[in-house]
Structure formats: C-alpha cells, structure tokens
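Structure below is input_11.txt: compact mmCIF, C-alpha atoms.
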# COMPACT_ATOMS: atom_id res chain seq x y z
CA MET A 1 45.65 260.19 47.65
CA LYS A 2 42.21 259.94 49.20
CA LYS A 3 40.63 260.84 45.89
CA LEU A 4 42.10 257.75 44.33
CA ILE A 5 40.44 255.37 46.71
CA LEU A 6 37.01 256.20 45.42
CA PRO A 7 37.69 255.09 41.82
CA LEU A 8 38.94 251.80 43.16
CA PHE A 9 35.69 251.14 44.94
CA PHE A 10 33.78 251.96 41.84
CA SER A 11 36.01 249.68 39.92
CA LEU A 12 35.35 246.76 42.20
CA LEU A 13 31.68 247.47 42.10
CA PHE A 14 31.62 247.51 38.32
CA THR A 15 33.67 244.39 38.11
CA GLY A 16 31.30 242.55 40.35
CA PHE A 17 28.37 243.69 38.28
CA ALA A 18 29.96 242.76 35.00
CA LEU A 19 30.89 239.28 36.11
CA ASN A 20 27.44 238.71 37.48
CA SER A 21 25.92 239.73 34.18
CA TYR A 22 27.84 237.03 32.37
CA ALA A 23 26.96 234.44 34.90
CA MET A 24 23.28 235.16 34.46
CA ASP A 25 23.35 234.74 30.68
CA ASP A 26 21.56 231.56 29.65
CA ASP A 27 23.84 228.80 28.46
CA PRO A 28 23.74 228.54 24.67
CA VAL A 29 21.24 226.00 23.41
CA VAL A 30 20.83 224.61 19.93
CA THR A 31 17.80 222.70 18.74
CA ALA A 32 18.37 219.73 16.44
CA THR A 33 15.99 217.38 14.66
CA ALA A 34 15.52 213.63 14.97
CA THR A 35 13.63 211.60 12.38
CA ALA A 36 12.58 208.06 11.54
CA GLU A 37 10.25 206.54 9.01
CA LEU A 38 8.19 203.50 9.75
CA VAL A 39 7.47 201.31 6.77
CA GLU A 40 4.35 199.18 6.50
CA VAL A 41 4.66 195.67 7.82
CA LEU A 42 5.04 193.21 4.98
CA SER A 43 2.39 190.55 5.30
CA ALA A 44 1.20 187.67 3.18
CA THR A 45 -1.85 185.46 3.25
CA GLU A 46 -2.52 182.21 1.43
CA GLU A 47 -5.56 182.71 -0.77
CA ASN A 48 -5.55 179.27 -2.39
CA GLN A 49 -3.87 176.07 -1.28
CA LEU A 50 -1.50 174.11 -3.47
CA ASN A 51 -3.56 171.05 -4.43
CA PHE A 52 -2.33 168.20 -6.61
CA GLY A 53 -5.87 166.92 -7.12
CA ARG A 54 -7.05 163.36 -7.21
CA PHE A 55 -5.09 160.69 -9.03
CA ILE A 56 -4.10 157.06 -9.41
CA ALA A 57 -0.46 156.17 -8.80
CA GLY A 58 -0.40 153.37 -11.33
CA GLU A 59 2.13 150.57 -11.54
CA SER A 60 5.34 152.53 -11.28
CA GLY A 61 4.24 155.94 -10.06
CA GLY A 62 5.58 159.15 -11.54
CA SER A 63 4.99 162.79 -10.83
CA ILE A 64 2.38 165.52 -10.89
CA ALA A 65 3.44 169.07 -11.60
CA ILE A 66 1.28 172.13 -10.93
CA ALA A 67 2.26 175.23 -12.90
CA ASN A 68 2.99 178.49 -11.05
CA THR A 69 0.17 180.29 -12.84
CA SER A 70 -3.32 181.37 -11.92
CA ALA A 71 -4.68 178.38 -13.87
CA GLY A 72 -2.26 175.97 -12.19
CA THR A 73 -2.09 173.64 -15.16
CA VAL A 74 -1.53 169.99 -14.22
CA ASN A 75 1.19 167.91 -15.87
CA VAL A 76 1.63 164.23 -15.06
CA THR A 77 4.45 161.79 -15.87
CA GLY A 78 4.90 158.04 -15.54
CA THR A 79 1.87 155.87 -14.78
CA VAL A 80 0.16 158.57 -12.75
CA ALA A 81 -3.31 159.40 -14.03
CA THR A 82 -5.52 162.17 -12.77
CA ILE A 83 -9.14 161.60 -11.87
CA GLY A 84 -11.81 164.25 -12.03
CA GLY A 85 -13.18 166.04 -8.98
CA GLY A 86 -9.91 166.63 -7.18
CA ALA A 87 -9.80 170.39 -7.76
CA PRO A 88 -6.07 170.69 -8.51
CA SER A 89 -4.80 174.22 -8.00
CA SER A 90 -1.68 176.31 -7.73
CA ALA A 91 -1.21 178.17 -4.47
CA SER A 92 -1.85 181.89 -4.53
CA PHE A 93 -0.55 184.40 -2.01
CA SER A 94 -1.63 187.95 -1.49
CA VAL A 95 1.23 190.17 -0.29
CA THR A 96 0.68 193.59 1.25
CA GLY A 97 3.25 196.19 2.26
CA ARG A 98 4.76 199.48 1.22
CA PRO A 99 3.39 200.69 -2.12
CA ASN A 100 5.67 200.65 -5.16
CA THR A 101 8.36 198.47 -3.63
CA GLU A 102 9.71 195.09 -4.63
CA VAL A 103 9.77 192.05 -2.41
CA THR A 104 11.69 188.81 -2.70
CA VAL A 105 10.07 185.41 -2.44
CA THR A 106 11.89 182.46 -0.90
CA LEU A 107 10.53 178.97 -1.53
CA PRO A 108 11.21 175.71 0.31
CA ALA A 109 14.34 173.80 -0.71
CA ASP A 110 13.96 170.54 -2.58
CA GLY A 111 13.53 167.61 -0.23
CA ALA A 112 12.25 169.77 2.60
CA VAL A 113 8.53 169.22 2.15
CA ASN A 114 6.54 166.00 2.34
CA LEU A 115 2.86 165.27 2.18
CA THR A 116 1.90 162.70 4.80
CA HIS A 117 -0.97 160.24 4.63
CA THR A 118 -3.71 161.07 7.11
CA THR A 119 -3.67 157.66 8.82
CA SER A 120 -0.50 155.84 7.75
CA SER A 121 3.09 157.01 7.74
CA ASP A 122 3.40 157.03 3.95
CA VAL A 123 4.80 160.22 2.49
CA MET A 124 5.16 161.84 -0.91
CA ASN A 125 7.75 164.51 -1.56
CA ILE A 126 7.17 167.89 -3.17
CA ALA A 127 10.14 169.41 -4.97
CA THR A 128 10.88 172.06 -7.54
CA PHE A 129 8.69 174.69 -5.95
CA SER A 130 8.37 177.62 -8.30
CA VAL A 131 6.78 181.05 -8.07
CA SER A 132 5.20 183.19 -10.78
CA ASP A 133 7.45 186.12 -9.88
CA SER A 134 10.40 185.81 -7.54
CA SER A 135 10.61 189.58 -7.00
CA PRO A 136 7.09 190.93 -7.38
CA ALA A 137 6.45 194.66 -7.19
CA LEU A 138 3.77 195.86 -4.83
CA SER A 139 1.21 198.06 -6.54
CA ALA A 140 0.42 201.70 -5.81
CA THR A 141 -1.94 200.41 -3.14
CA GLY A 142 0.75 198.09 -1.77
CA VAL A 143 -0.53 194.70 -2.90
CA ALA A 144 0.69 191.89 -5.14
CA THR A 145 -0.43 188.36 -5.89
CA VAL A 146 1.94 185.49 -6.69
CA TYR A 147 1.26 181.89 -7.66
CA VAL A 148 3.28 178.94 -6.43
CA GLY A 149 3.50 175.56 -8.08
CA GLY A 150 5.53 172.41 -7.45
CA THR A 151 6.12 168.85 -8.42
CA LEU A 152 4.84 165.94 -6.38
CA THR A 153 6.68 162.65 -6.70
CA VAL A 154 4.33 159.66 -6.56
CA PRO A 155 5.80 156.24 -5.65
CA ASN A 156 4.38 153.04 -7.07
CA THR A 157 0.94 151.60 -6.55
CA GLU A 158 1.78 150.21 -3.12
CA ILE A 159 1.50 153.61 -1.49
CA ALA A 160 -1.52 154.01 0.79
CA LYS A 161 -4.64 155.37 -0.78
CA GLY A 162 -6.28 158.39 0.80
CA ILE A 163 -5.61 161.99 1.56
CA TYR A 164 -2.09 163.38 2.01
CA THR A 165 -1.43 166.74 3.58
CA GLY A 166 1.56 168.83 4.52
CA THR A 167 2.68 172.38 5.12
CA TYR A 168 5.47 174.48 3.70
CA THR A 169 6.81 177.95 4.22
CA VAL A 170 7.05 180.77 1.71
CA THR A 171 8.96 183.82 2.88
CA PHE A 172 8.44 187.34 1.59
CA ALA A 173 10.88 190.11 2.38
CA TYR A 174 11.58 193.67 1.30
CA GLN A 175 14.53 193.89 -1.04
CA MET B 176 22.81 243.18 26.98
CA LYS B 177 26.16 242.16 25.56
CA THR B 178 26.95 245.71 24.53
CA THR B 179 26.13 246.92 27.99
CA VAL B 180 28.33 244.34 29.59
CA LEU B 181 31.20 245.23 27.33
CA LYS B 182 30.95 248.87 28.29
CA PHE B 183 31.08 247.99 31.92
CA PHE B 184 34.16 245.95 31.32
CA THR B 185 35.86 248.70 29.45
CA LEU B 186 35.09 251.18 32.16
CA SER B 187 36.06 248.76 34.83
CA ALA B 188 39.36 247.95 33.17
CA ALA B 189 40.19 251.59 32.64
CA ILE B 190 39.68 252.42 36.26
CA PHE B 191 41.73 249.45 37.29
CA ALA B 192 44.60 250.58 35.20
CA PHE B 193 44.45 253.93 36.86
CA SER B 194 44.02 252.64 40.34
CA THR B 195 46.68 250.02 39.94
CA ILE B 196 49.26 252.54 39.04
CA SER B 197 48.24 254.84 41.84
CA PHE B 198 48.23 252.15 44.42
CA GLY B 199 51.16 250.25 43.13
CA GLN B 200 53.51 252.03 45.41
CA GLY B 201 51.58 251.59 48.57
CA ASN B 202 49.29 248.55 48.47
CA THR B 203 50.32 245.70 46.24
CA ALA B 204 47.79 243.30 47.75
CA THR B 205 44.88 245.34 46.45
CA ALA B 206 46.49 245.64 43.05
CA SER B 207 46.84 241.93 42.53
CA GLY B 208 43.21 241.40 43.43
CA VAL B 209 42.22 243.95 40.81
CA ASN B 210 44.02 242.24 37.95
CA ALA B 211 41.68 239.24 38.05
CA GLY B 212 38.68 241.35 37.14
CA ALA B 213 39.95 242.23 33.67
CA ASN B 214 39.92 238.69 32.29
CA ILE B 215 37.36 238.79 29.47
CA ILE B 216 36.36 235.42 28.05
CA THR B 217 34.89 234.76 24.61
CA PRO B 218 31.28 233.60 25.13
CA ILE B 219 30.65 229.94 24.38
CA GLY B 220 28.31 229.11 21.53
CA ILE B 221 26.94 226.01 19.80
CA THR B 222 25.52 225.34 16.35
CA ASN B 223 23.91 222.31 14.75
CA ASP B 224 26.07 221.51 11.72
CA GLU B 225 24.24 222.30 8.50
CA GLY B 226 22.01 219.49 7.33
CA THR B 227 22.79 217.03 10.11
CA GLU B 228 19.85 215.38 11.80
CA LEU B 229 19.66 212.42 14.10
CA GLN B 230 18.19 210.00 11.58
CA PHE B 231 17.14 206.44 12.28
CA GLY B 232 16.28 205.75 8.64
CA ASP B 233 13.50 203.59 7.27
CA LEU B 234 12.35 200.99 9.76
CA ILE B 235 9.78 198.28 9.38
CA ALA B 236 7.08 197.90 11.97
CA THR B 237 6.96 194.45 13.51
CA SER B 238 4.61 192.68 15.85
CA THR B 239 6.95 193.17 18.80
CA GLU B 240 8.65 196.22 20.28
CA TYR B 241 12.29 196.80 19.40
CA THR B 242 14.95 199.48 19.80
CA VAL B 243 17.30 201.10 17.31
CA THR B 244 20.42 202.92 18.45
CA ILE B 245 22.54 205.37 16.49
CA ASP B 246 26.00 205.21 18.06
CA ALA B 247 27.30 208.73 18.70
CA THR B 248 30.96 207.75 18.23
CA SER B 249 30.85 205.30 15.34
CA GLY B 250 27.71 206.62 13.67
CA GLN B 251 26.62 203.01 13.21
CA ARG B 252 23.09 201.72 13.66
CA ALA B 253 22.45 198.86 16.05
CA TYR B 254 19.30 197.25 17.32
CA THR B 255 17.80 194.95 19.89
CA GLY B 256 14.78 192.72 19.60
CA ASN B 257 12.96 191.97 16.41
CA ALA B 258 14.15 195.05 14.53
CA ALA B 259 13.74 195.27 10.78
CA PHE B 260 15.34 197.79 8.48
CA PHE B 261 13.83 198.72 5.18
CA THR B 262 17.08 200.21 3.91
CA GLU B 263 20.66 199.84 5.08
CA THR B 264 21.30 203.55 4.56
CA GLY B 265 19.65 206.81 5.52
CA TYR B 266 20.66 206.95 9.18
CA SER B 267 23.03 209.43 10.81
CA THR B 268 24.08 211.24 13.96
CA ALA B 269 23.33 214.92 14.55
CA ASP B 270 26.57 216.90 14.55
CA PHE B 271 27.41 220.05 16.48
CA THR B 272 30.17 222.65 16.69
CA VAL B 273 31.04 224.47 19.90
CA THR B 274 33.04 227.72 19.77
CA GLY B 275 34.50 229.87 22.50
CA GLU B 276 37.69 230.53 24.42
CA ALA B 277 40.61 228.44 23.15
CA GLY B 278 41.45 225.65 25.54
CA ALA B 279 38.46 226.26 27.81
CA ALA B 280 36.71 223.31 29.42
CA PHE B 281 32.98 222.98 28.83
CA LYS B 282 30.15 220.63 29.56
CA ILE B 283 27.36 219.36 27.32
CA THR B 284 23.80 218.81 28.46
CA LEU B 285 21.71 216.36 26.45
CA PRO B 286 17.98 215.66 26.80
CA ALA B 287 17.04 213.49 29.75
CA ASP B 288 15.23 210.21 29.20
CA GLY B 289 11.50 210.67 28.97
CA THR B 290 11.66 214.22 27.60
CA VAL B 291 11.83 213.60 23.84
CA SER B 292 9.65 211.39 21.62
CA LEU B 293 9.37 211.13 17.87
CA VAL B 294 5.85 212.15 16.90
CA SER B 295 3.90 210.95 13.88
CA LYS B 296 3.72 213.67 11.24
CA THR B 297 0.22 212.60 10.31
CA GLY B 298 -0.83 212.11 13.90
CA THR B 299 -1.86 208.53 13.30
CA GLY B 300 0.90 206.69 15.14
CA ALA B 301 1.85 206.49 18.79
CA ASP B 302 4.84 208.54 19.96
CA MET B 303 8.18 206.73 19.93
CA PRO B 304 10.44 207.65 22.88
CA LEU B 305 14.05 208.71 22.38
CA THR B 306 16.33 207.79 25.26
CA THR B 307 19.98 207.42 26.21
CA PHE B 308 21.19 210.46 24.31
CA ALA B 309 24.97 210.29 24.04
CA SER B 310 27.77 212.52 22.79
CA SER B 311 30.82 211.30 20.86
CA ILE B 312 33.11 213.25 23.23
CA GLY B 313 31.26 212.54 26.46
CA LEU B 314 29.64 215.29 28.50
CA SER B 315 32.83 217.17 29.41
CA SER B 316 35.46 218.35 26.98
CA SER B 317 37.74 221.22 26.09
CA LEU B 318 37.84 223.60 23.16
CA SER B 319 40.83 223.34 20.86
CA GLU B 320 43.88 225.30 22.04
CA THR B 321 44.37 226.58 18.51
CA SER B 322 40.94 227.04 16.97
CA GLY B 323 38.80 227.51 20.06
CA SER B 324 36.22 225.12 18.68
CA LYS B 325 35.14 221.51 19.08
CA THR B 326 32.83 219.30 17.06
CA PHE B 327 30.87 216.33 18.33
CA SER B 328 28.09 213.99 17.30
CA VAL B 329 24.96 212.98 19.15
CA GLY B 330 23.20 209.64 19.01
CA ALA B 331 20.28 208.13 20.90
CA THR B 332 18.06 205.06 21.20
CA LEU B 333 14.64 204.89 19.60
CA THR B 334 11.98 202.50 20.85
CA VAL B 335 9.64 201.33 18.11
CA GLY B 336 6.38 199.99 19.47
CA ALA B 337 4.71 196.72 18.53
CA ASP B 338 2.79 197.16 15.27
CA GLN B 339 3.89 200.79 15.11
CA THR B 340 1.82 202.67 12.55
CA ALA B 341 3.63 203.29 9.27
CA GLY B 342 4.58 206.86 8.42
CA GLU B 343 7.11 209.60 9.08
CA TYR B 344 8.03 210.58 12.61
CA SER B 345 10.10 213.51 13.84
CA ALA B 346 11.00 215.55 16.90
CA THR B 347 13.34 218.32 17.98
CA PHE B 348 15.71 218.18 20.92
CA ASP B 349 17.96 220.69 22.66
CA VAL B 350 21.68 220.48 23.26
CA THR B 351 23.17 222.94 25.74
CA VAL B 352 26.81 223.84 26.41
CA ALA B 353 28.37 225.83 29.25
CA TYR B 354 31.86 226.57 30.48
CA GLU B 355 32.93 224.45 33.38

Starting from the coordinates I provided, produce the structure as structure tokens.
Amino acid sequence: MKKLILPLFFSLLFTGFALNSYAMDDDPVVTATATAELVEVLSATEENQLNFGRFIAGESGGSIAIANTSAGTVNVTGTVATIGGGAPSSASFSVTGRPNTEVTVTLPADGAVNLTHTTSSDVMNIATFSVSDSSPALSATGVATVYVGGTLTVPNTEIAKGIYTGTYTVTFAYQ
Amino acid sequence: MKTTVLKFFTLSAAIFAFSTISFGQGNTATASGVNAGANIITPIGITNDEGTELQFGDLIATSTEYTVTIDATSGQRAYTGNAAFFTETGYSTADFTVTGEAGAAFKITLPADGTVSLVSKTGTGADMPLTTFASSIGLSSSLSETSGSKTFSVGATLTVGADQTAGEYSATFDVTVAYE
C-alpha cells in the first residue's frame, strides 16, 4: 500500500507541471493588414474670365453669346452691337487631380447669375452656361482645361452705361 | 513544447488511473481531486481569413481632417467631417476565424488606440492613425458547441489629415485570442 502513495505524488507533480506549461503558452496572435489609398485633391483655377466685351445695347437690346471654345466666338442678337477693345473671352479653367480619371462639371442654373452695374443697381442676366466638355478626362499628368461660355441678356438702351461684374460657381467633381 | 506537454499529460493520466483504482477503496477524496487533472483542452487558435484586409478604399484628401469608419458588424463605411470618397466600393472589414474547444468561452484583444497607424508606402505622407478597433462579436464570445469555431470581423476608424498626401497607405495589426 505504501508503494502506491509515491506514484500519486508524482502524478500530482506532473499534473501541476503540465497545466503550468499550458498557461505559459503565449495566446495565439494573428497579424492582419489595413489599407487605404488617398487620391489627389481635385482642384480648379480660373485661367481666363468670362468677358462679354464692350457693346452698345441699342434700342431694344438683345443678347451676346460667348462660345465655349478657346476662341470664345462672340454672337450677338437684337440691336446689340459690339465695339472694339472690349476683349471678349470665354472662361477657361485648369483642373488638376488624379491622372487618367474623369471629372464632372456642374454649371450655374439659368437665372442664377447676374452681372451688376458698378455704381447703379442695374443688372443683366447670364443664362445658358455651357462647357466645352462636361466630363473631361484628366491627362496622364492629371490636368485638363475646359472652356465655359454663356449668353448675356441685354435690356434696352435705358440700362446704365458702364462696367457690369458678377461671379458664378463652376463645380468639378470626380465621377 | 507541445509534444513534451502531451507526454506529460499521458504519463500523468496513466498514473492517475492506477492510483485512482488503488485508492478508490480507501480515500475517495483524493481520487476526486485527481480526476480534474486529466481534462485536456484543444488549444485555441486564430487565423486571418484568406484575402480579407481592413480596407478603407480610395479616399480623397481634403483641406480639413476627417475620419472614416468601417463598421465591424455591418461592414459599411461611414464618415465624419469633410470626408470625400473617390469610389463607393473597395472597402471591407478584416475577417478572422477562431478554433478550439467546442463551447469554450474566449476573449479577443484588439489593438489599443495610438498603437497602429497607416503608413505611406512611398514615405511621402504623414501617418494616419487607426483607432477604435471593434469586433463584430464584441470582445468576449464562445466557440460553437458543434464546430468549435467562431468567425468575426474587425473594423476601425481612420483619421485622414488635412491635405493628406496622395498615395497608398498600409499597416499591420495584431488580433489576439485567449480562453476565458
């Protein structure tokens, strides 16, 4: 009987050792990956201002349209007549962003933009904004140029003479 | 080490069997204490499911700081501030599978805030910290009674700095499991 006590002690000893061994094992760890890609900020600058030039309203007014091309061809209607020296021009915008991607261009809605006389409260409305490419592709170096034109409505001859200015917003966004 | 441990167990169990029988007639209290020592448990393990990464997708740098969160449970992407996404796809949770003793309770340890940041692969951009790591099953769970396994997803929140430099960013993070 005494002989049997010894194995029991050994047994307890071994058990204690074995359990301790497991407890000391490091908890399993797995390493995973996290990623993100930052894309270039899309930015645009106005290189040339939209300019309807210098003109005479005439008896009943009319309109002046600037084409959405680099040349910005001028087209007048009604009694409006252009005068030299006004430097009419389409607007041009330089867009920079992620290379080889397309962007969308959003123009002002009709009726949203007026040119206001510098000293009086007279206004002239610009409508039918148009852009040379409504979804231009940025080049391999991430740039694109677009031209914006519009149509200015000129009231009759009673409108104040002088300079009219205004601002409008063109929005560029990644597609 | 595992082999060694197993041997000890085998030896230990064998002696128990012997001693239990011998003592069974005279000292039952000792015998019952012995039985507990023979309970061998399947070790717990964890793997990162093939091909799953915690992906935030293509983001656009803006002039102000913003955060993007991948929700561990829904897998959806949310944001705060002036966030801008280049694509509406390409984001995901990282998924994991835990295996071990059927029905056993275990706990998950995720990286603490301030320990993991996405680093620019080209070294040109500032690090972007990853915080608020979360698990789809919380930090305590149990292995399936039938399969002895459990899967879960991990999400976190990424802070994108103001005017963050464009480029690819990545990092690794550790997920630890242990029996409770």

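Here the question is which of B:Asp270, B:Ile215, B:Phe231, B:Ala253 gets nearest to chain A using only C-alpha atoms, and that residue is B:Phe231.
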
Suppose you want the space between atom CA of Ser139 of chain A and atom CA of Val103 of chain A; what is it in Å?
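These atoms are spaced 11.2 Å apart.
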
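Straight-line separation from atom CA of Thr45 of chain A to atom CA of Ser92 of chain A: 8.6 Å.
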
At a cut-off of 12 Å, using all atoms listed in the file, what residues contact Val131 of chain A? Leave out same-chain residues fewer than 3 positions from it and give the result as a PyMOL selection string.
chain A and resi 50+66-70+72+90-93+104-108+128+134-136+145-150+170-172

Given the selection you just returned, output its residues as a file containing C-alpha atoms, formatted as an mmCIF file, in the coordinates of the input.
data_model
loop_
_atom_site.group_PDB
_atom_site.id
_atom_site.type_symbol
_atom_site.label_atom_id
_atom_site.label_comp_id
_atom_site.auth_asym_id
_atom_site.auth_seq_id
_atom_site.Cartn_x
_atom_site.Cartn_y
_atom_site.Cartn_z
ATOM 1 C CA LEU A 50 -1.500 174.110 -3.470
ATOM 2 C CA ILE A 66 1.280 172.130 -10.930
ATOM 3 C CA ALA A 67 2.260 175.230 -12.900
ATOM 4 C CA ASN A 68 2.990 178.490 -11.050
ATOM 5 C CA THR A 69 0.170 180.290 -12.840
ATOM 6 C CA SER A 70 -3.320 181.370 -11.920
ATOM 7 C CA GLY A 72 -2.260 175.970 -12.190
ATOM 8 C CA SER A 90 -1.680 176.310 -7.730
ATOM 9 C CA ALA A 91 -1.210 178.170 -4.470
ATOM 10 C CA SER A 92 -1.850 181.890 -4.530
ATOM 11 C CA PHE A 93 -0.550 184.400 -2.010
ATOM 12 C CA THR A 104 11.690 188.810 -2.700
ATOM 13 C CA VAL A 105 10.070 185.410 -2.440
ATOM 14 C CA THR A 106 11.890 182.460 -0.900
ATOM 15 C CA LEU A 107 10.530 178.970 -1.530
ATOM 16 C CA PRO A 108 11.210 175.710 0.310
ATOM 17 C CA THR A 128 10.880 172.060 -7.540
ATOM 18 C CA SER A 134 10.400 185.810 -7.540
ATOM 19 C CA SER A 135 10.610 189.580 -7.000
ATOM 20 C CA PRO A 136 7.090 190.930 -7.380
ATOM 21 C CA THR A 145 -0.430 188.360 -5.890
ATOM 22 C CA VAL A 146 1.940 185.490 -6.690
ATOM 23 C CA TYR A 147 1.260 181.890 -7.660
ATOM 24 C CA VAL A 148 3.280 178.940 -6.430
ATOM 25 C CA GLY A 149 3.500 175.560 -8.080
ATOM 26 C CA GLY A 150 5.530 172.410 -7.450
ATOM 27 C CA VAL A 170 7.050 180.770 1.710
ATOM 28 C CA THR A 171 8.960 183.820 2.880
ATOM 29 C CA PHE A 172 8.440 187.340 1.590
#

Counting all atoms listed in the file, which residues of chain B come no farther than 6 Å from chain A, as a list in words?
Val180, Ser187, Ile190, Ser194, Gly212, Gly220, Thr222, Glu228, Leu229, Gln230, Phe231, Gly232, Asp233, Leu234, Ile235, Ala236, Ala341, Gly342, Glu343, Tyr344, Ser345, Ala346, Thr347, Phe348, Asp349, Val350, Thr351, Val352 and Ala353 of chain B

Taken to one decimal, the atom CA of Gly289 of chain B-atom CA of Thr334 of chain B distance is 11.5 Å

Residues within 7 Å of Phe308 of chain B, all atoms listed in the file, excluding chain neighbours under 2 positions, as a ChimeraX atom specification:
/B:285-286,306,329-332

Could those selected residues go to a file with C-alpha atoms, as a compact mmCIF listing (two decimals), in the coordinates of the input?
# COMPACT_ATOMS: atom_id res chain seq x y z
CA LEU B 285 21.71 216.36 26.45
CA PRO B 286 17.98 215.66 26.80
CA THR B 306 16.33 207.79 25.26
CA VAL B 329 24.96 212.98 19.15
CA GLY B 330 23.20 209.64 19.01
CA ALA B 331 20.28 208.13 20.90
CA THR B 332 18.06 205.06 21.20

Shell of 7 Å around Ala247 of chain B, all atoms listed in the file, local chain residues under 4 positions omitted, as a PyMOL selection string:
chain B and resi 268+309-311+328-330

Which residues are near segment 313-324 of chain B? Cut-off 9 Å, only C-alpha atoms, ignore same chain within fewer than 3 positions. Put them as a list in words.
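Everything that qualifies: Thr272, Val273, Thr274, Gly275, Glu276, Ala277, Gly278, Ala279, Ala280, Phe281, Lys282, Ile283, Thr284, Leu285, Ala309, Ser310, Phe327 and Glu355 of chain B.
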
Anything within 12 Å of (17.3, 170.8, -0.4): list those residues as a list of chain:residue names, counting all atoms listed in the file and sticking to the file's coordinates.
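Those residues, ordered by chain and then number, are A:Leu107, A:Pro108, A:Ala109, A:Asp110, A:Gly111, A:Ala112, A:Val113, A:Asn125, A:Ile126, A:Ala127, A:Thr128, A:Phe129.
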
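The closest residue to Asn100 of chain A, picked from A:Thr77, A:Thr118, A:Thr141, A:Ser60 and counting only C-alpha atoms, is A:Thr141.
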
Counting all atoms listed in the file, find residues at most 8 Å from (14.3, 199.9, 18.8) (file frame) and give them as a PyMOL selection string.
chain B and resi 240-244+254-256+258+332-336

Neighbouring residues of Gly300 of chain B were defined as those with any atom within 7 Å, considering only C-alpha atoms; residues of the same chain fewer than 4 positions away were excluded. Please report them as a PyMOL selection string.
chain B and resi 295+339-340

Just segment 272-299 of chain B from the block, C-alpha atoms, as a JSON list (two decimals), in the first residue's frame, could you?
[["chain", "number", "residue", "atom", "x", "y", "z"],
["B", 272, "THR", "CA", -11.72, 32.51, -37.58],
["B", 273, "VAL", "CA", -11.10, 31.23, -34.07],
["B", 274, "THR", "CA", -10.86, 27.47, -33.44],
["B", 275, "GLY", "CA", -10.57, 25.49, -30.25],
["B", 276, "GLU", "CA", -12.62, 23.58, -27.69],
["B", 277, "ALA", "CA", -16.30, 23.39, -28.64],
["B", 278, "GLY", "CA", -18.40, 25.67, -26.50],
["B", 279, "ALA", "CA", -15.43, 27.30, -24.77],
["B", 280, "ALA", "CA", -15.58, 30.98, -23.88],
["B", 281, "PHE", "CA", -12.79, 33.18, -25.18],
["B", 282, "LYS", "CA", -11.79, 36.80, -25.28],
["B", 283, "ILE", "CA", -10.45, 38.91, -28.14],
["B", 284, "THR", "CA", -7.78, 41.55, -27.75],
["B", 285, "LEU", "CA", -7.66, 44.28, -30.40],
["B", 286, "PRO", "CA", -5.01, 46.98, -30.83],
["B", 287, "ALA", "CA", -5.26, 49.85, -28.39],
["B", 288, "ASP", "CA", -5.73, 53.39, -29.66],
["B", 289, "GLY", "CA", -2.45, 55.04, -30.52],
["B", 290, "THR", "CA", -0.65, 51.81, -31.40],
["B", 291, "VAL", "CA", -1.45, 51.44, -35.11],
["B", 292, "SER", "CA", -1.15, 53.97, -37.94],
["B", 293, "LEU", "CA", -1.38, 53.57, -41.69],
["B", 294, "VAL", "CA", 1.98, 54.49, -43.16],
["B", 295, "SER", "CA", 2.61, 55.93, -46.62],
["B", 296, "LYS", "CA", 4.12, 53.29, -48.90],
["B", 297, "THR", "CA", 6.26, 55.90, -50.59],
["B", 298, "GLY", "CA", 7.13, 57.61, -47.33],
["B", 299, "THR", "CA", 5.84, 60.95, -48.54]]
